[in-house]
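The structure appears right after this line, and notes come after that.
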Amino acid sequence: MWSFILKRLAQGVITVWFIATATFFAMHNVPGDPLLNDRAMTAAIRANVEAKYGLDKPVAEQYVIYLGNLIRGDFGISFTQENREVNDIIREHFPVSATLGILAVLFAAAGGVLWGALTALYRNRMPDYVIMFFVILGISVPSFVIAAVSQLMLVGVNSALGVTLLPVAGWGTLSHMLLPALVLGLGTMAYLTRLMRSSMLEVISSDYVRTAKAKGLPAARIFTKHQLRNAILPVITVLGPSIAAITTGGFVVELVFAIPGLGRYFVQAVQQLDYTVIMGTTVFYGAFLVFMVIVVDVLYGLIDPRVRMQ
Amino acid sequence: MTQATGDLLTVENLNVEFDTYGGIVQAVRGVDFSVAAGETLAIVGESGCGKSVTVQSMMGLIPMPPGRITQGSARLRGQEILGQSRIDGREIRGAQIGMIFQDPMTALNPTMTIGDQIAEPLQVHKGMSRAEAAREAIRLLEVTRIPEAATRAKQYPFEFSGGMLQRAMIAMAIACKPEILIADEPTTALDVTIQAQILDLLQDLQRETGMAIVLITHDLGVVARMADSVAVMYAGKVVERGSVDDIFYRSAHPYTLGLKAAMPSNDPTLKQSLQPIEGSPPDLFSPPPGCGYAPRCPHAMKVCQQQQPPETSLSSTETNRPHGSHCWLHEADSPFKPAELHFIENDSAVEQGAAS
């Protein structure tokens with residue numbers, strides 16, 4: 001198990017290096033100039049600023065400096081926000097995005113497994129049809145629509161009750177997080193429900209479930225020990241990419257619910273060609289996702305012995 | 001229906017249907033058989049004749065819907081078990097009747113250790129603690145001749161070979177000392193040498209524990225080696241039943257004779273070529289009004305197409321295993337008698353062998 005984890009970590013480091021390199025060269029090949037604003041009006045000022053950010057050096061040298069800084073965990077200073085370190089931006093805003101993302105993933109995974117198992121057990125009966133209707137809805141309606149509609153509905157509920165059941169926007173307490181996390185995770189939850197349903201149906205008709213019945217085990221034990229554990233494997237496989245989809249897709253939801261997450265800075269930086277912020281957040285997001293995928297792999301190994309022993 | 005007294009398990013007139021998109025399939029159409037304590041009953045027949053459905057419906061293992069038991073009874077020590085999960089205060093499945101299946105590679109849970117899977121029925125039915133059940137599981141693996149049982153118990157199914165998995169399945173099925181072991185084609189998925197080992201193991205376990213075995217197979221070689229009595233099934237019905245000697249040496253039903261003629265032999269002195277039974281089994285969406293075998297039967301008469309043949313009792317070598325056959329040829333006014341039929345069948349086989 002430990003050699004498996006170490007191997008995956010080493011692979012992860014290489015992946016992050018690829019991401020860092022690709023981002024670096026992609027940024028330097030994007031048309032435009034990060035210093036095309038008021039601060040670099042004259043040639044002298046421009047040269048000064050370029051020297052400050054190391055932009056006067058050849059690209060290869062910049063790359064080496066960039067990698068060196070990266071290893072030391074230094075993402076540099078923002079080009080557009082005076083004297084603000086990229087590390088500060090990440091430190092301030094990433095925990096918000098991560099909390100939202102993790103909560104959304106938890107919602108999606110728990111909901112997907114639960115609804116998927118239910119639809120499979122009630123196959124072609126009323127609960128199955130009702131849940132699958134909402135699943136189609138969840139997959140096809142984009143998150144900004146769901147975000148806005150759910151906000152509107154919440155306003156209605158709050159005013160009808162006369163008390164604030166859940167705040168409509170903002171950030172701070174758990175009650176602020178619930179709705180945006182649910183909205184953010186909804187698409188993934190719908191997708192996981194479908195996956196879990198088909199996987200569960202396969203397991204229900206499998207030979208080993210028949211064996212479990214022939215052993216005379218109670219239905220609850222068959223469900224937890226024989227059906228759920230095996231049916232959940234495909235769900236865990238796609239959980240890695242799902243985490244990626246949720247954390248990177250959080251920007252829209254952050255915007256609608258006025259959440260001070262990292263996504264906003266990321267988009268702003270791309271618009272303003274803020275090299276350091278773009279590279280910093282991209283590499284950081286990349287590393288985070290790679291790490292989450294490794295966590296999912298390890299989790300998979302814990303559940304399926306065939307994975308960890310190969 | 002004459003039943004020998006003291007039968008452990010008696011199945012009478014069992015009918016099972018399945019709803020499908022194409023209509024209703026009558027998979028089992030009135031099956032009778034009985035098993036005495038400690039004996040081995042083989043249920044033989046070709047694929048799709050309803051062997052597996054018979055025992056699986058009896059055990060409540062067919063999904064309902066689409067499956068449905070429309071008629072019949074199955075009694076264990078005189079008590080009805082169809083639709084029941086417990087009799088005499090004990091679980092039927094796993095505790096009183098154990099079961100093993102055709103493909104051991106898929107019949108075990110891939111994410112659970114072998115030991116845990118064997119320990120499960122012990123914990124559930126015998127109320128053993130985890131540790132007790134784990135110890136007992138290791139002992140059971142030893143009983144089924146798995147070397148290094150303690151290490152093996154901690155392994156997963158993917159680390160076992162097919163033969164080993166079937167041994168583990170057997171260990172699991174006999175864990176709670178059932179009175180009956182149902183073996184649904186236990187050796188079909190295994191190679192011949194492993195097959196022999198598994199059959200030996202089953203026989204030894206039967207001697208030690210005195211359990212009855214219901215063996216489902218399409219391999220007459222396995223039947224000859226294992227069975228005390230035999231039920232031959234065709235198109236959802238039992239067409240002939242009797243002791244293993246009656247079935248092999250005094251076969252009465254044309255289908256049984258056809259099966260024997262279709263059996264490959266490695267004896268060079270027998271100048272007998274392998275004779276397939278021409279045609280295919282009837283469509284069970286709309287089973288024929290008469291004998292199901294009539295369209296393929298070389299001796300079929302008019303009455304065979306129109307009416308179900310009743311069971312005719314034939315003289316038996318063993319009184320406790322009555323020999324019976326469902327065929328119109330056994331009627332008093334039929335053109336052939338069973339003995340002659342037997343003779344004719346063998347004769348024509350020999351003739352054909354000589355001609356080729």
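Order determines the names: the first chain of the structure tokens is A, the second B, and so forth; residues in each chain are numbered 1 upward, and ligands are numbered 1 upward as they are shown.
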
Within 6 Å of chain A, which residues of chain B show up? Give each one with its shortest atom-to-atom distance in Å (one decimal) and the two atoms involved, counting only C-alpha atoms, rows by chain then rising residue number, as a tab-separated table.
```
residue	atom	partner	partner_atom	distance
B:Arg93	CA	A:Gly216	CA	4.5
B:Gly94	CA	A:Lys215	CA	4.0
B:Thr106	CA	A:Asp207	CA	5.7
B:Ala107	CA	A:Tyr208	CA	4.3
B:Leu108	CA	A:Tyr208	CA	4.8
B:Asn109	CA	A:Tyr208	CA	5.2
B:Thr111	CA	A:Asp304	CA	5.6
```

Go ahead and save the residues from that selection, with N, CA and C atoms, as an mmCIF file, in the first residue's frame.
```cif
data_model
loop_
_atom_site.group_PDB
_atom_site.id
_atom_site.type_symbol
_atom_site.label_atom_id
_atom_site.label_comp_id
_atom_site.auth_asym_id
_atom_site.auth_seq_id
_atom_site.Cartn_x
_atom_site.Cartn_y
_atom_site.Cartn_z
ATOM 1 N N ARG B 93 -32.543 -21.197 3.770
ATOM 2 C CA ARG B 93 -31.392 -20.971 2.895
ATOM 3 C C ARG B 93 -30.132 -20.795 3.731
ATOM 4 N N GLY B 94 -29.108 -21.483 3.354
ATOM 5 C CA GLY B 94 -27.836 -21.340 4.040
ATOM 6 C C GLY B 94 -27.722 -22.231 5.259
ATOM 7 N N THR B 106 -17.435 -15.956 -10.557
ATOM 8 C CA THR B 106 -18.322 -14.808 -10.370
ATOM 9 C C THR B 106 -19.264 -14.986 -9.183
ATOM 10 N N ALA B 107 -19.253 -16.186 -8.593
ATOM 11 C CA ALA B 107 -20.229 -16.452 -7.535
ATOM 12 C C ALA B 107 -19.769 -15.942 -6.174
ATOM 13 N N LEU B 108 -18.527 -15.439 -6.097
ATOM 14 C CA LEU B 108 -18.048 -14.906 -4.820
ATOM 15 C C LEU B 108 -17.864 -13.394 -4.930
ATOM 16 N N ASN B 109 -18.108 -12.728 -3.818
ATOM 17 C CA ASN B 109 -17.994 -11.274 -3.768
ATOM 18 C C ASN B 109 -16.526 -10.852 -3.932
ATOM 19 N N THR B 111 -14.925 -8.163 -3.421
ATOM 20 C CA THR B 111 -14.299 -7.208 -2.493
ATOM 21 C C THR B 111 -14.356 -7.675 -1.043
#
```

**Q.** Filtered DSSP result for range 230-324 of chain B, state strand (DSSP E or B), as JSON, numbers by chain
**A.** {"B": [230, 231, 232, 233, 234, 237, 238, 239, 240, 241, 242, 243, 311, 312, 313, 314, 323, 324]}

**Q.** Test item, alpha helix (DSSP H) assignment across range 137-220 of chain A, answer as a PyMOL selection string
**A.** chain A and resi 137-140+143-161+174-204+207-214+219-220

Could those selected residues go to a file with C-alpha atoms, as a tab-separated table (two decimals), in the first residue's frame?
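The result, written out as result.tsv:
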```
chain	number	residue	atom	x	y	z
A	137	LEU	CA	-33.12	18.16	-15.00
A	138	GLY	CA	-29.91	18.36	-12.95
A	139	ILE	CA	-27.76	17.26	-15.86
A	140	SER	CA	-29.32	19.53	-18.48
A	143	SER	CA	-25.63	25.78	-12.72
A	144	PHE	CA	-26.10	29.54	-13.09
A	145	VAL	CA	-29.79	29.02	-13.86
A	146	ILE	CA	-30.21	26.69	-10.90
A	147	ALA	CA	-28.26	29.13	-8.73
A	148	ALA	CA	-30.47	32.07	-9.66
A	149	VAL	CA	-33.73	30.11	-9.44
A	150	SER	CA	-32.84	28.58	-6.10
A	151	GLN	CA	-31.92	32.02	-4.78
A	152	LEU	CA	-35.27	33.36	-5.93
A	153	MET	CA	-37.10	30.48	-4.31
A	154	LEU	CA	-35.18	30.96	-1.10
A	155	VAL	CA	-36.15	34.63	-1.05
A	156	GLY	CA	-39.76	33.55	-1.43
A	157	VAL	CA	-39.50	31.01	1.39
A	158	ASN	CA	-37.72	33.44	3.70
A	159	SER	CA	-40.27	36.21	3.18
A	160	ALA	CA	-43.18	33.80	3.51
A	161	LEU	CA	-41.84	32.52	6.83
A	174	LEU	CA	-22.39	27.05	7.59
A	175	SER	CA	-25.88	28.30	6.73
A	176	HIS	CA	-24.28	30.50	4.07
A	177	MET	CA	-22.55	27.48	2.56
A	178	LEU	CA	-25.42	25.00	2.27
A	179	LEU	CA	-27.31	26.37	-0.72
A	180	PRO	CA	-24.32	27.28	-2.92
A	181	ALA	CA	-22.69	23.91	-2.18
A	182	LEU	CA	-25.89	22.11	-3.09
A	183	VAL	CA	-26.24	24.09	-6.32
A	184	LEU	CA	-22.59	23.55	-7.18
A	185	GLY	CA	-22.80	19.81	-6.56
A	186	LEU	CA	-26.17	19.26	-8.23
A	187	GLY	CA	-24.93	18.50	-11.75
A	188	THR	CA	-22.37	16.04	-10.44
A	189	MET	CA	-24.92	14.51	-8.11
A	190	ALA	CA	-27.23	13.90	-11.07
A	191	TYR	CA	-24.41	12.34	-13.05
A	192	LEU	CA	-23.34	10.14	-10.14
A	193	THR	CA	-26.94	9.05	-9.58
A	194	ARG	CA	-27.14	7.71	-13.11
A	195	LEU	CA	-23.78	6.00	-12.75
A	196	MET	CA	-24.70	4.48	-9.40
A	197	ARG	CA	-28.05	3.31	-10.76
A	198	SER	CA	-26.56	1.35	-13.64
A	199	SER	CA	-23.75	-0.01	-11.50
A	200	MET	CA	-26.21	-1.06	-8.79
A	201	LEU	CA	-28.46	-2.77	-11.34
A	202	GLU	CA	-25.49	-4.75	-12.56
A	203	VAL	CA	-24.56	-5.78	-9.02
A	204	ILE	CA	-28.14	-6.71	-8.08
A	207	ASP	CA	-23.88	-14.09	-9.27
A	208	TYR	CA	-22.37	-13.14	-5.92
A	209	VAL	CA	-25.53	-11.40	-4.79
A	210	ARG	CA	-27.41	-14.57	-5.68
A	211	THR	CA	-24.84	-16.46	-3.59
A	212	ALA	CA	-25.44	-14.08	-0.70
A	213	LYS	CA	-29.18	-14.75	-0.97
A	214	ALA	CA	-28.55	-18.49	-1.11
A	219	ALA	CA	-31.56	-8.14	3.01
A	220	ALA	CA	-29.91	-5.29	4.92
```

Q. Which value, in Å to one decimal, gives the distance between CA of Tyr275 in chain A and CA of Asp33 in chain A?
A.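 That distance, rounded to one decimal, is 9.6 Å.
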
Q: Quick one: pull the distance between CA of Val239 in chain B and CA of Met226 in chain B, Å, one decimal.
A: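 Atom-to-atom, CA of Val239 in chain B to CA of Met226 in chain B, that is 20.2 Å.
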
Q: Measuring atom to atom with only C-alpha atoms, identify which of B:Thr10, B:Pro178, B:Pro157, B:Thr188 is nearest to Glu91 in chain B.
A: B:Pro178

Q | Pick from B:Pro298, B:Pro65, B:Gly78, B:Gly162, whichever lies nearest to Gln195 in chain B using only C-alpha atoms | A | B:Gly162

Q. What is the distance, in Å and to one decimal place, between CA of Gly60 in chain B and CA of Ile92 in chain B?
A.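 So the answer is 10.3 Å.
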
Give me, as a PDB file with N, CA and C atoms, in the first residue's frame, all polymer residues having an atom no more than 12 Å from Gln84 in chain B, counting only C-alpha atoms and skipping those fewer than 2 positions away in the same chain.
```
ATOM      1  N   GLY A 216     -28.736 -17.155   2.768  1.00  0.00           N
ATOM      2  CA  GLY A 216     -29.784 -16.804   3.713  1.00  0.00           C
ATOM      3  C   GLY A 216     -29.489 -15.555   4.519  1.00  0.00           C
TER       4      GLY A 216
ATOM      5  N   SER B  57     -35.981 -21.573  -8.135  1.00  0.00           N
ATOM      6  CA  SER B  57     -37.289 -21.072  -7.715  1.00  0.00           C
ATOM      7  C   SER B  57     -37.650 -21.667  -6.362  1.00  0.00           C
ATOM      8  N   MET B  58     -37.280 -22.908  -6.171  1.00  0.00           N
ATOM      9  CA  MET B  58     -37.524 -23.558  -4.884  1.00  0.00           C
ATOM     10  C   MET B  58     -36.815 -22.819  -3.754  1.00  0.00           C
ATOM     11  N   MET B  59     -35.619 -22.320  -4.059  1.00  0.00           N
ATOM     12  CA  MET B  59     -34.817 -21.624  -3.052  1.00  0.00           C
ATOM     13  C   MET B  59     -35.148 -20.134  -2.989  1.00  0.00           C
ATOM     14  N   GLY B  60     -36.080 -19.702  -3.808  1.00  0.00           N
ATOM     15  CA  GLY B  60     -36.431 -18.277  -3.811  1.00  0.00           C
ATOM     16  C   GLY B  60     -35.344 -17.405  -4.393  1.00  0.00           C
ATOM     17  N   SER B  73     -45.682 -27.521  -4.864  1.00  0.00           N
ATOM     18  CA  SER B  73     -45.202 -27.426  -3.496  1.00  0.00           C
ATOM     19  C   SER B  73     -43.807 -28.031  -3.416  1.00  0.00           C
ATOM     20  N   ALA B  74     -43.063 -27.568  -2.420  1.00  0.00           N
ATOM     21  CA  ALA B  74     -41.769 -28.164  -2.117  1.00  0.00           C
ATOM     22  C   ALA B  74     -41.739 -28.305  -0.610  1.00  0.00           C
ATOM     23  N   ARG B  75     -41.575 -29.522  -0.122  1.00  0.00           N
ATOM     24  CA  ARG B  75     -41.624 -29.735   1.326  1.00  0.00           C
ATOM     25  C   ARG B  75     -40.326 -30.326   1.826  1.00  0.00           C
ATOM     26  N   LEU B  76     -39.835 -29.693   2.885  1.00  0.00           N
ATOM     27  CA  LEU B  76     -38.630 -30.199   3.534  1.00  0.00           C
ATOM     28  C   LEU B  76     -39.096 -30.851   4.833  1.00  0.00           C
ATOM     29  N   GLN B  79     -42.623 -30.078   5.573  1.00  0.00           N
ATOM     30  CA  GLN B  79     -43.087 -28.699   5.721  1.00  0.00           C
ATOM     31  C   GLN B  79     -42.840 -27.883   4.465  1.00  0.00           C
ATOM     32  N   GLU B  80     -43.850 -27.121   4.096  1.00  0.00           N
ATOM     33  CA  GLU B  80     -43.773 -26.327   2.873  1.00  0.00           C
ATOM     34  C   GLU B  80     -42.648 -25.287   2.990  1.00  0.00           C
ATOM     35  N   ILE B  81     -41.831 -25.182   1.945  1.00  0.00           N
ATOM     36  CA  ILE B  81     -40.779 -24.157   1.969  1.00  0.00           C
ATOM     37  C   ILE B  81     -40.963 -23.098   0.888  1.00  0.00           C
ATOM     38  N   LEU B  82     -41.859 -23.328  -0.074  1.00  0.00           N
ATOM     39  CA  LEU B  82     -42.055 -22.310  -1.116  1.00  0.00           C
ATOM     40  C   LEU B  82     -42.606 -21.040  -0.476  1.00  0.00           C
ATOM     41  N   ARG B  86     -38.103 -19.336   6.722  1.00  0.00           N
ATOM     42  CA  ARG B  86     -37.685 -20.171   7.846  1.00  0.00           C
ATOM     43  C   ARG B  86     -38.727 -21.247   8.099  1.00  0.00           C
ATOM     44  N   ILE B  87     -38.256 -22.439   8.478  1.00  0.00           N
ATOM     45  CA  ILE B  87     -39.160 -23.430   9.052  1.00  0.00           C
ATOM     46  C   ILE B  87     -38.465 -23.997  10.274  1.00  0.00           C
ATOM     47  N   ASP B  88     -39.250 -24.481  11.227  1.00  0.00           N
ATOM     48  CA  ASP B  88     -38.711 -25.002  12.489  1.00  0.00           C
ATOM     49  C   ASP B  88     -37.809 -23.976  13.175  1.00  0.00           C
ATOM     50  N   GLY B  89     -38.132 -22.706  13.002  1.00  0.00           N
ATOM     51  CA  GLY B  89     -37.352 -21.673  13.673  1.00  0.00           C
ATOM     52  C   GLY B  89     -35.950 -21.483  13.124  1.00  0.00           C
ATOM     53  N   ARG B  90     -35.676 -22.096  11.999  1.00  0.00           N
ATOM     54  CA  ARG B  90     -34.341 -21.908  11.414  1.00  0.00           C
ATOM     55  C   ARG B  90     -34.471 -21.436   9.972  1.00  0.00           C
ATOM     56  N   GLU B  91     -33.536 -20.607   9.562  1.00  0.00           N
ATOM     57  CA  GLU B  91     -33.473 -20.151   8.185  1.00  0.00           C
ATOM     58  C   GLU B  91     -33.330 -21.377   7.270  1.00  0.00           C
ATOM     59  N   ILE B  92     -34.073 -21.377   6.152  1.00  0.00           N
ATOM     60  CA  ILE B  92     -33.932 -22.503   5.223  1.00  0.00           C
ATOM     61  C   ILE B  92     -32.640 -22.347   4.424  1.00  0.00           C
ATOM     62  N   ARG B  93     -32.543 -21.197   3.770  1.00  0.00           N
ATOM     63  CA  ARG B  93     -31.392 -20.971   2.895  1.00  0.00           C
ATOM     64  C   ARG B  93     -30.132 -20.795   3.731  1.00  0.00           C
TER      65      ARG B  93
END
```

**Q.** Surrounding residues of Gln197 in chain B excluding itself and chain neighbours under 4 positions, 12 Å, only C-alpha atoms, as a PyMOL selection string
**A.** chain B and resi 144-146+163-164+166-167+186-187+190-193+201-204

Just-selected residues, C-alpha atoms written as a PDB file, in the first residue's frame:
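Once everything was written out, this is part24.pdb:
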```pdb
ATOM      1  CA  THR B 144     -12.396 -28.751   1.739  1.00  0.00           C
ATOM      2  CA  ARG B 145      -8.656 -29.416   1.324  1.00  0.00           C
ATOM      3  CA  ILE B 146      -7.355 -25.944   0.741  1.00  0.00           C
ATOM      4  CA  GLY B 163     -11.016 -25.035  -8.533  1.00  0.00           C
ATOM      5  CA  MET B 164      -9.981 -23.392  -5.250  1.00  0.00           C
ATOM      6  CA  GLN B 166     -15.322 -23.879  -5.932  1.00  0.00           C
ATOM      7  CA  ARG B 167     -13.809 -25.494  -2.822  1.00  0.00           C
ATOM      8  CA  PRO B 186     -20.737 -27.357  -9.919  1.00  0.00           C
ATOM      9  CA  THR B 187     -18.068 -28.557 -12.325  1.00  0.00           C
ATOM     10  CA  LEU B 190     -13.807 -26.270 -14.405  1.00  0.00           C
ATOM     11  CA  ASP B 191     -11.330 -28.403 -16.332  1.00  0.00           C
ATOM     12  CA  VAL B 192     -11.606 -32.159 -16.198  1.00  0.00           C
ATOM     13  CA  THR B 193      -8.939 -32.934 -13.580  1.00  0.00           C
ATOM     14  CA  LEU B 201     -14.647 -33.864  -2.362  1.00  0.00           C
ATOM     15  CA  LEU B 202     -18.442 -33.719  -2.548  1.00  0.00           C
ATOM     16  CA  GLN B 203     -18.689 -37.492  -2.135  1.00  0.00           C
ATOM     17  CA  ASP B 204     -16.325 -37.524   0.827  1.00  0.00           C
TER      18      ASP B 204
END
```

**Q.** Ala119 in chain B environment, 8 Å, only C-alpha atoms, sequence neighbours closer than 2 positions dropped, as a list in words
**A.**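 Near Ala119 in chain B, the qualifying residues are Gly115, Asp116, Gln117, Pro121, Leu122, Gln123, Arg130, Ala133, Ala134, Glu136, Ala137, Met172 and Ala175 of chain B.
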
Q. Smallest atom-to-atom distance to Ala22 in chain A: which of A:Val113, A:Val270, A:Ile246, A:Met279, using only C-alpha atoms?
A.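 Using only C-alpha atoms, Ala22 in chain A sits closest to A:Met279.
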
Q | Using only C-alpha atoms: which of A:Tyr285, A:Phe94, A:Phe18, A:Tyr53 has the shortest distance to Phe79 in chain A | A |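 Nearest to Phe79 in chain A: A:Tyr53.
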
Q) Counting only C-alpha atoms, which of A:Gly116, A:Pro260, A:Gly286, A:Pro58 gets nearest to Ala244 in chain A? A)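 Going through A:Gly116, A:Pro260, A:Gly286, A:Pro58 one by one, the smallest distance to Ala244 in chain A is for A:Gly286.
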
Q) Counting only C-alpha atoms, which of B:Val35, B:Ala131, B:Val44, B:Val303 gets nearest to Met233 in chain B? A)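 Under the stated criterion, the closest residue is B:Val44.
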